[in-house]
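This is run-v1.pdb. It holds PDB, C-alpha atoms and all ligand atoms.
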ATOM      1  CA  MET P 398      67.410 -91.078  49.042
ATOM      2  CA  THR P 399      69.973 -88.880  47.324
ATOM      3  CA  SER P 400      70.221 -85.149  47.881
ATOM      4  CA  GLU P 401      68.982 -84.636  44.301
ATOM      5  CA  SER P 402      65.797 -86.623  44.887
ATOM      6  CA  PHE P 403      65.101 -85.302  48.390
ATOM      7  CA  ASP P 404      62.430 -82.644  48.367
ATOM      8  CA  ALA P 405      62.695 -81.027  51.790
ATOM      9  CA  ASN P 406      59.703 -78.749  51.290
ATOM     10  CA  HIS P 407      57.506 -81.713  50.460
ATOM     11  CA  TYR P 408      58.920 -83.713  53.384
ATOM     12  CA  PHE P 409      58.064 -80.978  55.883
ATOM     13  CA  GLN P 410      54.688 -80.238  54.307
ATOM     14  CA  GLU P 411      53.772 -83.890  54.886
ATOM     15  CA  LEU P 412      55.295 -83.885  58.378
ATOM     16  CA  TYR P 413      53.191 -80.905  59.487
ATOM     17  CA  LYS P 414      50.050 -82.694  58.300
ATOM     18  CA  ARG P 415      50.621 -85.453  60.852
ATOM     19  CA  PRO P 416      48.777 -85.165  64.178
ATOM     20  CA  ILE P 417      50.557 -83.382  66.999
ATOM     21  CA  LEU P 418      51.829 -85.820  69.613
ATOM     22  CA  LEU P 419      53.529 -83.498  72.082
ATOM     23  CA  GLU P 420      52.496 -79.947  72.721
ATOM     24  CA  THR P 421      53.870 -77.560  75.306
ATOM     25  CA  LYS P 422      51.905 -74.375  75.840
ATOM     26  CA  ASN P 423      53.626 -71.504  77.631
ATOM     27  CA  LEU P 424      55.520 -74.042  79.704
ATOM     28  CA  CYS P 425      57.447 -72.501  82.590
ATOM     29  CA  GLN P 426      59.586 -74.169  85.205
ATOM     30  CA  SER P 427      61.115 -72.414  88.183
ATOM     31  CA  PHE P 428      63.220 -73.678  91.028
ATOM     32  CA  GLN P 429      63.802 -72.275  94.462
ATOM     33  CA  HIS P 430      67.475 -71.438  94.950
ATOM     34  CA  GLY P 431      67.804 -70.363  98.582
ATOM     35  CA  LYS P 432      65.431 -67.446  98.998
ATOM     36  CA  THR P 433      65.133 -66.666  95.307
ATOM     37  CA  GLN P 434      62.981 -68.234  92.665
ATOM     38  CA  ARG P 435      64.875 -69.002  89.442
ATOM     39  CA  THR P 436      63.046 -69.395  86.149
ATOM     40  CA  VAL P 437      64.743 -72.158  84.195
ATOM     41  CA  LEU P 438      62.213 -72.644  81.389
ATOM     42  CA  HIS P 439      60.210 -69.665  80.205
ATOM     43  CA  GLN P 440      57.208 -69.804  77.864
ATOM     44  CA  ILE P 441      58.213 -72.897  75.921
ATOM     45  CA  ASN P 442      55.808 -73.468  73.048
ATOM     46  CA  LEU P 443      56.401 -76.570  70.980
ATOM     47  CA  LYS P 444      54.329 -78.686  68.651
ATOM     48  CA  ILE P 445      55.914 -82.032  67.889
ATOM     49  CA  HIS P 446      54.270 -84.201  65.270
ATOM     50  CA  LYS P 447      53.839 -87.965  65.242
ATOM     51  CA  ARG P 448      56.976 -89.845  64.154
ATOM     52  CA  GLU P 449      59.093 -86.705  64.259
ATOM     53  CA  PHE P 450      62.687 -86.852  65.402
ATOM     54  CA  ILE P 451      63.334 -83.739  67.458
ATOM     55  CA  CYS P 452      66.705 -82.807  68.897
ATOM     56  CA  VAL P 453      66.992 -80.246  71.661
ATOM     57  CA  ILE P 454      70.277 -78.403  71.871
ATOM     58  CA  GLY P 455      71.593 -75.432  73.834
ATOM     59  CA  PRO P 456      74.351 -74.356  76.195
ATOM     60  CA  SER P 457      74.934 -76.138  79.456
ATOM     61  CA  GLY P 458      72.360 -75.193  82.062
ATOM     62  CA  CYS P 459      69.782 -73.855  79.590
ATOM     63  CA  GLY P 460      67.160 -76.338  80.754
ATOM     64  CA  LYS P 461      67.383 -79.252  78.297
ATOM     65  CA  SER P 462      67.224 -81.919  80.998
ATOM     66  CA  THR P 463      64.589 -79.933  82.868
ATOM     67  CA  LEU P 464      62.452 -79.987  79.716
ATOM     68  CA  SER P 465      62.892 -83.723  79.193
ATOM     69  CA  ARG P 466      62.112 -84.461  82.867
ATOM     70  CA  VAL P 467      58.938 -82.377  82.682
ATOM     71  CA  VAL P 468      57.794 -84.120  79.493
ATOM     72  CA  ALA P 469      58.649 -87.477  81.074
ATOM     73  CA  GLY P 470      56.385 -86.525  83.987
ATOM     74  CA  LEU P 471      59.240 -86.888  86.482
ATOM     75  CA  ASP P 472      58.923 -83.292  87.725
ATOM     76  CA  PRO P 473      55.792 -81.188  88.117
ATOM     77  CA  TYR P 474      56.019 -77.903  86.215
ATOM     78  CA  SER P 475      55.326 -74.409  87.482
ATOM     79  CA  SER P 476      52.863 -73.210  84.845
ATOM     80  CA  GLY P 477      51.609 -73.741  81.321
ATOM     81  CA  GLU P 478      50.661 -77.080  79.871
ATOM     82  CA  VAL P 479      52.315 -80.227  78.590
ATOM     83  CA  LEU P 480      50.017 -82.381  76.479
ATOM     84  CA  VAL P 481      50.727 -85.772  74.946
ATOM     85  CA  ASP P 482      48.087 -86.849  72.463
ATOM     86  CA  GLY P 483      45.936 -84.064  73.885
ATOM     87  CA  GLU P 484      46.197 -85.325  77.478
ATOM     88  CA  ARG P 485      47.905 -83.404  80.232
ATOM     89  CA  VAL P 486      51.098 -85.000  81.546
ATOM     90  CA  GLU P 487      50.581 -85.699  85.244
ATOM     91  CA  GLY P 488      53.371 -88.174  85.950
ATOM     92  CA  PRO P 489      55.592 -90.820  84.382
ATOM     93  CA  CYS P 490      53.905 -93.289  82.090
ATOM     94  CA  PRO P 491      55.180 -96.192  79.941
ATOM     95  CA  GLU P 492      53.780 -94.434  76.857
ATOM     96  CA  ARG P 493      56.710 -92.041  77.269
ATOM     97  CA  GLY P 494      59.822 -94.245  77.353
ATOM     98  CA  MET P 495      62.970 -92.758  78.855
ATOM     99  CA  VAL P 496      66.620 -93.347  78.103
ATOM    100  CA  PHE P 497      68.925 -91.047  80.023
ATOM    101  CA  GLN P 498      72.683 -90.795  80.174
ATOM    102  CA  GLY P 499      73.334 -92.567  83.473
ATOM    103  CA  TYR P 500      72.717 -96.230  82.900
ATOM    104  CA  THR P 501      69.431 -96.774  84.594
ATOM    105  CA  LEU P 502      69.240-100.555  84.373
ATOM    106  CA  PHE P 503      68.524-102.564  87.510
ATOM    107  CA  PRO P 504      71.958-103.979  88.363
ATOM    108  CA  TRP P 505      70.502-106.980  90.190
ATOM    109  CA  LYS P 506      68.421-108.099  87.214
ATOM    110  CA  THR P 507      69.674-109.843  84.095
ATOM    111  CA  VAL P 508      69.392-108.167  80.692
ATOM    112  CA  LYS P 509      66.238-110.150  79.925
ATOM    113  CA  GLU P 510      64.698-109.419  83.334
ATOM    114  CA  ASN P 511      65.405-105.713  82.865
ATOM    115  CA  VAL P 512      63.490-105.716  79.585
ATOM    116  CA  MET P 513      60.694-107.863  81.044
ATOM    117  CA  PHE P 514      60.166-105.433  83.902
ATOM    118  CA  GLY P 515      57.808-103.030  82.065
ATOM    119  CA  PRO P 516      55.455-105.655  80.617
ATOM    120  CA  LEU P 517      55.305-107.479  83.991
ATOM    121  CA  MET P 518      54.463-104.218  85.771
ATOM    122  CA  ARG P 519      51.653-103.693  83.302
ATOM    123  CA  GLY P 520      50.222-107.119  84.110
ATOM    124  CA  ALA P 521      51.632-109.265  81.293
ATOM    125  CA  SER P 522      52.157-112.948  82.054
ATOM    126  CA  GLN P 523      55.687-114.255  82.598
ATOM    127  CA  VAL P 524      55.550-116.039  79.229
ATOM    128  CA  ALA P 525      54.305-112.985  77.332
ATOM    129  CA  ALA P 526      56.834-110.665  79.023
ATOM    130  CA  GLU P 527      59.646-113.083  78.232
ATOM    131  CA  SER P 528      58.612-113.367  74.622
ATOM    132  CA  SER P 529      58.430-109.558  74.146
ATOM    133  CA  ALA P 530      61.778-109.142  75.898
ATOM    134  CA  ARG P 531      63.390-111.739  73.599
ATOM    135  CA  GLU P 532      61.912-110.063  70.543
ATOM    136  CA  TRP P 533      63.364-106.691  71.536
ATOM    137  CA  LEU P 534      66.703-108.185  72.519
ATOM    138  CA  SER P 535      66.965-109.681  69.077
ATOM    139  CA  ILE P 536      66.037-106.343  67.437
ATOM    140  CA  ILE P 537      68.861-104.617  69.309
ATOM    141  CA  GLY P 538      71.188-107.557  68.651
ATOM    142  CA  LEU P 539      71.721-108.615  72.255
ATOM    143  CA  GLU P 540      69.797-111.871  72.381
ATOM    144  CA  LYS P 541      72.982-113.750  73.274
ATOM    145  CA  TYR P 542      73.392-111.602  76.368
ATOM    146  CA  GLU P 543      69.962-112.155  77.881
ATOM    147  CA  ASN P 544      71.298-113.869  80.992
ATOM    148  CA  GLN P 545      74.153-111.437  81.623
ATOM    149  CA  TYR P 546      74.001-108.710  84.255
ATOM    150  CA  PRO P 547      74.445-105.008  83.370
ATOM    151  CA  HIS P 548      77.944-104.860  84.870
ATOM    152  CA  GLN P 549      79.028-107.500  82.337
ATOM    153  CA  LEU P 550      78.089-105.248  79.382
ATOM    154  CA  SER P 551      79.864-102.360  77.664
ATOM    155  CA  GLY P 552      78.411 -98.825  77.837
ATOM    156  CA  GLY P 553      76.931 -99.085  74.332
ATOM    157  CA  MET P 554      75.338-102.444  75.121
ATOM    158  CA  LYS P 555      73.809-101.062  78.320
ATOM    159  CA  GLN P 556      72.242 -98.198  76.380
ATOM    160  CA  ARG P 557      70.865-100.671  73.824
ATOM    161  CA  VAL P 558      69.253-102.615  76.677
ATOM    162  CA  ALA P 559      67.891 -99.327  78.066
ATOM    163  CA  ILE P 560      66.377 -98.572  74.627
ATOM    164  CA  ALA P 561      64.857-102.078  74.440
ATOM    165  CA  ARG P 562      63.511-101.690  77.975
ATOM    166  CA  ALA P 563      61.745 -98.482  76.967
ATOM    167  CA  LEU P 564      60.507 -99.724  73.564
ATOM    168  CA  VAL P 565      59.122-103.025  74.851
ATOM    169  CA  ASN P 566      56.290-100.971  76.379
ATOM    170  CA  GLU P 567      55.354 -99.749  72.890
ATOM    171  CA  PRO P 568      55.597 -96.090  73.884
ATOM    172  CA  LYS P 569      54.289 -93.300  71.693
ATOM    173  CA  MET P 570      57.352 -91.301  72.537
ATOM    174  CA  LEU P 571      60.944 -91.925  73.408
ATOM    175  CA  LEU P 572      62.656 -89.293  75.543
ATOM    176  CA  MET P 573      66.415 -89.435  75.381
ATOM    177  CA  ASP P 574      68.655 -87.155  77.417
ATOM    178  CA  GLU P 575      72.245 -87.351  76.169
ATOM    179  CA  PRO P 576      71.899 -91.118  75.909
ATOM    180  CA  PHE P 577      75.207 -91.542  74.092
ATOM    181  CA  GLY P 578      77.120 -88.886  76.009
ATOM    182  CA  ALA P 579      79.327 -91.364  77.847
ATOM    183  CA  LEU P 580      80.229 -93.463  74.805
ATOM    184  CA  ASP P 581      83.416 -93.335  72.755
ATOM    185  CA  PRO P 582      83.051 -91.699  69.310
ATOM    186  CA  TYR P 583      82.991 -94.990  67.386
ATOM    187  CA  THR P 584      80.343 -96.628  69.590
ATOM    188  CA  ARG P 585      78.406 -93.383  69.572
ATOM    189  CA  GLN P 586      78.314 -93.366  65.780
ATOM    190  CA  LYS P 587      77.116 -96.966  65.725
ATOM    191  CA  MET P 588      74.407 -96.167  68.259
ATOM    192  CA  GLN P 589      73.243 -93.175  66.210
ATOM    193  CA  ARG P 590      72.965 -95.412  63.142
ATOM    194  CA  HIS P 591      71.100 -98.042  65.145
ATOM    195  CA  LEU P 592      68.701 -95.486  66.591
ATOM    196  CA  MET P 593      67.955 -94.010  63.150
ATOM    197  CA  ASP P 594      67.202 -97.501  61.820
ATOM    198  CA  LEU P 595      64.912 -98.208  64.776
ATOM    199  CA  TRP P 596      63.117 -94.881  64.396
ATOM    200  CA  GLN P 597      62.522 -95.510  60.706
ATOM    201  CA  SER P 598      61.152 -98.985  61.261
ATOM    202  CA  ILE P 599      58.718 -98.365  64.132
ATOM    203  CA  ASP P 600      56.014 -95.845  64.863
ATOM    204  CA  ILE P 601      57.771 -93.653  67.401
ATOM    205  CA  THR P 602      58.335 -89.963  68.077
ATOM    206  CA  ILE P 603      61.709 -89.101  69.566
ATOM    207  CA  LEU P 604      62.730 -86.134  71.699
ATOM    208  CA  PHE P 605      66.501 -86.308  71.923
ATOM    209  CA  VAL P 606      68.578 -83.967  74.078
ATOM    210  CA  THR P 607      72.202 -83.498  73.128
ATOM    211  CA  HIS P 608      74.855 -80.830  73.122
ATOM    212  CA  ASP P 609      76.653 -82.438  70.224
ATOM    213  CA  MET P 610      75.712 -80.381  67.166
ATOM    214  CA  ASP P 611      76.812 -82.992  64.632
ATOM    215  CA  GLU P 612      74.685 -85.560  66.414
ATOM    216  CA  ALA P 613      71.668 -83.226  66.373
ATOM    217  CA  ILE P 614      72.029 -82.533  62.633
ATOM    218  CA  LEU P 615      72.577 -86.200  61.775
ATOM    219  CA  LEU P 616      69.516 -87.354  63.691
ATOM    220  CA  ALA P 617      66.872 -84.645  63.661
ATOM    221  CA  ASP P 618      63.971 -83.656  61.490
ATOM    222  CA  ARG P 619      63.955 -80.407  63.468
ATOM    223  CA  ILE P 620      66.365 -78.991  66.009
ATOM    224  CA  VAL P 621      65.008 -76.933  68.885
ATOM    225  CA  VAL P 622      67.734 -74.519  69.966
ATOM    226  CA  LEU P 623      67.262 -73.285  73.513
ATOM    227  CA  LYS P 624      68.872 -70.208  74.966
ATOM    228  CA  ALA P 625      69.817 -69.977  78.620
ATOM    229  CA  ASN P 626      68.767 -67.813  81.563
ATOM    230  CA  PRO P 627      65.911 -68.282  81.262
ATOM    231  CA  GLY P 628      65.597 -71.264  78.934
ATOM    232  CA  GLU P 629      63.594 -70.092  75.948
ATOM    233  CA  VAL P 630      63.237 -71.349  72.403
ATOM    234  CA  LYS P 631      65.736 -69.384  70.366
ATOM    235  CA  GLU P 632      65.057 -71.025  67.023
ATOM    236  CA  ILE P 633      63.554 -74.179  65.568
ATOM    237  CA  ILE P 634      65.563 -75.391  62.593
ATOM    238  CA  GLU P 635      64.288 -77.744  59.911
ATOM    239  CA  VAL P 636      67.078 -80.064  58.801
ATOM    240  CA  HIS P 637      66.853 -80.193  55.022
ATOM    241  CA  LEU P 638      69.159 -83.151  54.549
ATOM    242  CA  PRO P 639      68.300 -86.453  52.878
ATOM    243  CA  ARG P 640      68.091 -89.733  54.766
ATOM    244  CA  PRO P 641      69.654 -92.119  55.458
ATOM    245  CA  ARG P 642      72.269 -89.808  56.889
ATOM    246  CA  THR P 643      75.743 -91.195  57.225
ATOM    247  CA  PRO P 644      78.842 -89.574  58.750
ATOM    248  CA  GLU P 645      80.060 -88.853  55.183
ATOM    249  CA  LEU P 646      77.289 -86.277  54.975
ATOM    250  CA  MET P 647      79.254 -84.218  57.474
ATOM    251  CA  SER P 648      81.755 -83.202  54.810
ATOM    252  CA  THR P 649      79.094 -81.795  52.449
ATOM    253  CA  PRO P 650      78.640 -78.013  52.080
ATOM    254  CA  GLU P 651      74.964 -78.313  53.149
ATOM    255  CA  PHE P 652      75.910 -79.990  56.421
ATOM    256  CA  LYS P 653      78.732 -77.550  57.101
ATOM    257  CA  GLN P 654      76.483 -74.577  56.466
ATOM    258  CA  LEU P 655      73.858 -75.872  58.876
ATOM    259  CA  ARG P 656      76.543 -76.747  61.415
ATOM    260  CA  ALA P 657      77.886 -73.190  61.262
ATOM    261  CA  HIS P 658      74.390 -71.799  61.819
ATOM    262  CA  VAL P 659      73.705 -74.045  64.845
ATOM    263  CA  ASP P 660      77.170 -73.296  66.198
ATOM    264  CA  GLU P 661      76.558 -69.579  65.992
ATOM    265  CA  LEU P 662      73.168 -69.875  67.693
ATOM    266  CA  VAL P 663      74.504 -71.979  70.556
ATOM    267  CA  HIS P 664      77.888 -70.401  71.126
ATOM    268  CA  ALA P 665      76.986 -66.759  70.641
ATOM    269  CA  GLN P 666      74.869 -67.060  73.754
ATOM    270  CA  GLU P 667      77.191 -69.295  75.702
ATOM    271  CA  GLU P 668      79.363 -66.509  77.104
ATOM    272  CA  GLU P 669      76.605 -64.007  77.872
ATOM    273  CA  HIS P 670      74.077 -66.465  79.253
ATOM    274  CA  LEU P 671      76.291 -68.946  80.979
ATOM    275  CA  ASP P 672      74.718 -70.994  83.742
ATOM    276  CA  PRO P 673      75.379 -68.934  86.923
ATOM    277  CA  ALA P 674      76.933 -72.008  88.509
ATOM    278  CA  LEU P 675      79.527 -72.078  85.723
ATOM    279  CA  GLN P 676      80.128 -68.326  85.874
ATOM    280  CA  ARG P 677      81.209 -68.803  89.451
ATOM    281  CA  LEU P 678      83.752 -71.538  88.791
ATOM    282  CA  PRO P 679      86.429 -71.049  91.431
ATOM    283  CA  GLU P 680      89.987 -70.312  90.447
ATOM    284  CA  ILE P 681      92.232 -73.235  91.200
ATOM    285  CA  PRO P 682      94.829 -72.059  93.745
ATOM    286  CA  ARG P 683      98.397 -72.374  92.610
ATOM    287  CA  MET P 684      99.938 -75.346  94.324
ATOM    288  CA  THR P 685     103.527 -74.426  94.950
ATOM    289  CA  GLN P 686     104.481 -77.899  96.035
ATOM    290  CA  VAL P 687     103.613 -79.372  92.625
ATOM    291  CA  SER P 688     106.778 -80.166  90.765
ATOM    292  CA  HIS P 689     106.833 -79.911  86.994
ATOM    293  CA  GLN P 690     109.626 -82.413  86.839
ATOM    294  CA  LYS P 691     108.498 -85.835  85.717
TER     295      LYS P 691
HETATM  296  N1  LIG P 701      65.623 -79.959  90.838
HETATM  297  C1  LIG P 701      66.254 -78.795  90.677
HETATM  298  N2  LIG P 701      66.292 -77.901  91.685
HETATM  299  C2  LIG P 701      66.886 -76.694  91.527
HETATM  300  N3  LIG P 701      67.479 -76.297  90.384
HETATM  301  C3  LIG P 701      67.486 -77.143  89.350
HETATM  302  C4  LIG P 701      66.871 -78.442  89.439
HETATM  303  N4  LIG P 701      67.015 -79.068  88.245
HETATM  304  C5  LIG P 701      67.697 -78.211  87.452
HETATM  305  N5  LIG P 701      67.964 -77.063  88.114
HETATM  306  C6  LIG P 701      68.672 -75.891  87.549
HETATM  307  O1  LIG P 701      68.118 -75.624  86.287
HETATM  308  C7  LIG P 701      69.129 -75.203  85.373
HETATM  309  C8  LIG P 701      69.011 -76.039  84.118
HETATM  310  O2  LIG P 701      69.421 -77.373  84.423
HETATM  311  P1  LIG P 701      69.384 -78.527  83.346
HETATM  312  O3  LIG P 701      69.919 -79.728  84.002
HETATM  313  O4  LIG P 701      68.012 -78.627  82.786
HETATM  314  O5  LIG P 701      70.368 -77.972  82.229
HETATM  315  P2  LIG P 701      70.897 -78.672  80.911
HETATM  316  O6  LIG P 701      70.566 -77.774  79.775
HETATM  317  O7  LIG P 701      70.407 -80.064  80.854
HETATM  318  O8  LIG P 701      72.480 -78.650  81.137
HETATM  319  P3  LIG P 701      73.604 -79.702  80.667
HETATM  320  O9  LIG P 701      73.867 -79.430  79.214
HETATM  321  O10 LIG P 701      74.791 -79.330  81.512
HETATM  322  O11 LIG P 701      73.109 -81.083  80.935
HETATM  323  C9  LIG P 701      70.452 -75.325  86.109
HETATM  324  O12 LIG P 701      70.874 -74.052  86.517
HETATM  325  C10 LIG P 701      70.142 -76.196  87.302
HETATM  326  O13 LIG P 701      70.905 -75.798  88.403
HETATM  327 MG    MG P 702      71.322 -81.966  80.944
END
What would the structure in this file look like if it were written as structure tokens?
Amino acid sequence: MTSESFDANHYFQELYKRPILLETKNLCQSFQHGKTQRTVLHQINLKIHKREFICVIGPSGCGKSTLSRVVAGLDPYSSGEVLVDGERVEGPCPERGMVFQGYTLFPWKTVKENVMFGPLMRGASQVAAESSAREWLSIIGLEKYENQYPHQLSGGMKQRVAIARALVNEPKMLLMDEPFGALDPYTRQKMQRHLMDLWQSIDITILFVTHDMDEAILLADRIVVLKANPGEVKEIIEVHLPRPRTPELMSTPEFKQLRAHVDELVHAQEEEHLDPALQRLPEIPRMTQVSHQK
């Protein structure tokens, strides 16, 4: 689709007609820090539609991971509601697949066994689990590695296996928390491309946490910008850029304009609302014994 033929208003009109898959209503999350209660997420109201690609961005410590953990059902929340397909999230569930930054593969299982794990847990036969695992390994292009162990794979390959392991369960939603954060820029770009292709070819809604603004603009239908202390929705931005989006798009005036807007939203708040833990970064004492001579 070229920028001339892309009608953003029509695209979003159609998107908002789709059923809502994820809804958060006045979601709040607080944590006990010593004797004080700290509100990390405050009154988060979101409506995410089926097959939407949502990126969540915001300064460090604003609650992005907290939000994804709550939606994943990994942490109970303090108040409000989190609904997926109208049902309250009470705990983790294969219908919400997770791919987080730390490689979460079982190191003692082969690639194929890692992907088979979900179907087997849900009662599939060995043969059926193996066949679904093979299908997904071929989709992500790692069928030749099915008998390797995670430590024999590169970072990008491990994340592809993690994506296959989540998608084999046919989730309604994929929750991704900085999944490409540890990858080099080239591999990261390839993974973004691969993820966009996957998203366009299957029926999946993606909630993707990142603090890379270019990544958010390249991937998202809408970007949820959070502010910190407490984490609140600062703005929800519709990305009016045609797909498929390639890195070349980054040099267009439209991309640059959007980038500047996101940058301003995120960085204007970074200084004033810095995570308290970062505000208290200790000064490194001068080490007189360190020689500057090489
Ligand atoms: N289980 C917990 N117990 C206490 N405090 C927590 C817990 N989880 C998160 N926090 C606090 O909540 C705040 C938000 O953390 P979170 O990890 O969600 O931020 P983030 O936006 O993902 O940051 P980053 O960009 O650095 O990953 C931080 O101040 C953190 O200390
Ligand atoms: Mg985080």
Name the closest residue to ligand MG 702 (chain P) among the candidates P:Val606, P:Leu662, P:Ala469, P:Val481; distances are taken between atoms, counting only C-alpha atoms and all ligand atoms. P:Val606
Centre and edge lengths, as JSON, for the axis-aligned box enclosing every listed atom of ligand LIG 701 (chain P) with 8 Å of padding on each of the six sides, in Å to one decimal?
{"center_x": 70.2, "center_y": -77.6, "center_z": 85.4, "size_x": 25.2, "size_y": 23.0, "size_z": 28.5}
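For ligand LIG 701 (chain P), the set of protein, DNA and RNA residues within 8 Å, based on only C-alpha atoms and all ligand atoms, reads P:Ser427, P:Phe428, P:Gln429, P:His430, P:Arg435, P:Val437, P:Ile454, P:Gly455, P:Pro456, P:Ser457, P:Gly458, P:Cys459, P:Gly460, P:Lys461, P:Ser462, P:Thr463, P:Leu464, P:Glu575, P:Thr607, P:His608, P:Ala625, P:Gly628, P:Asp672, P:Pro673, P:Ala674.
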Residue members of the PyMOL selection byres (((chain P and resi 442) around 8) and not hetatm) in the file shown, as number ranges by chain: P: 420-424, 440-441, 443-444, 630
Go ahead and save the picked residues with C-alpha atoms, as a PDB file, in the coordinates of the input.
ATOM      1  CA  GLU P 420      52.496 -79.947  72.721  1.00  0.00           C
ATOM      2  CA  THR P 421      53.870 -77.560  75.306  1.00  0.00           C
ATOM      3  CA  LYS P 422      51.905 -74.375  75.840  1.00  0.00           C
ATOM      4  CA  ASN P 423      53.626 -71.504  77.631  1.00  0.00           C
ATOM      5  CA  LEU P 424      55.520 -74.042  79.704  1.00  0.00           C
ATOM      6  CA  GLN P 440      57.208 -69.804  77.864  1.00  0.00           C
ATOM      7  CA  ILE P 441      58.213 -72.897  75.921  1.00  0.00           C
ATOM      8  CA  LEU P 443      56.401 -76.570  70.980  1.00  0.00           C
ATOM      9  CA  LYS P 444      54.329 -78.686  68.651  1.00  0.00           C
ATOM     10  CA  VAL P 630      63.237 -71.349  72.403  1.00  0.00           C
TER      11      VAL P 630
END
With all atoms listed in the file as the basis for distance, which of P:Ala563, P:Cys452, P:Leu623, P:Gly494 is at the shortest distance from Leu471 of chain P? P:Gly494
Out of P:Glu567, P:Val468, P:Met513, P:Ala405, which residue has the shortest atom-to-atom distance to Leu480 of chain P when counting all atoms listed in the file? P:Val468
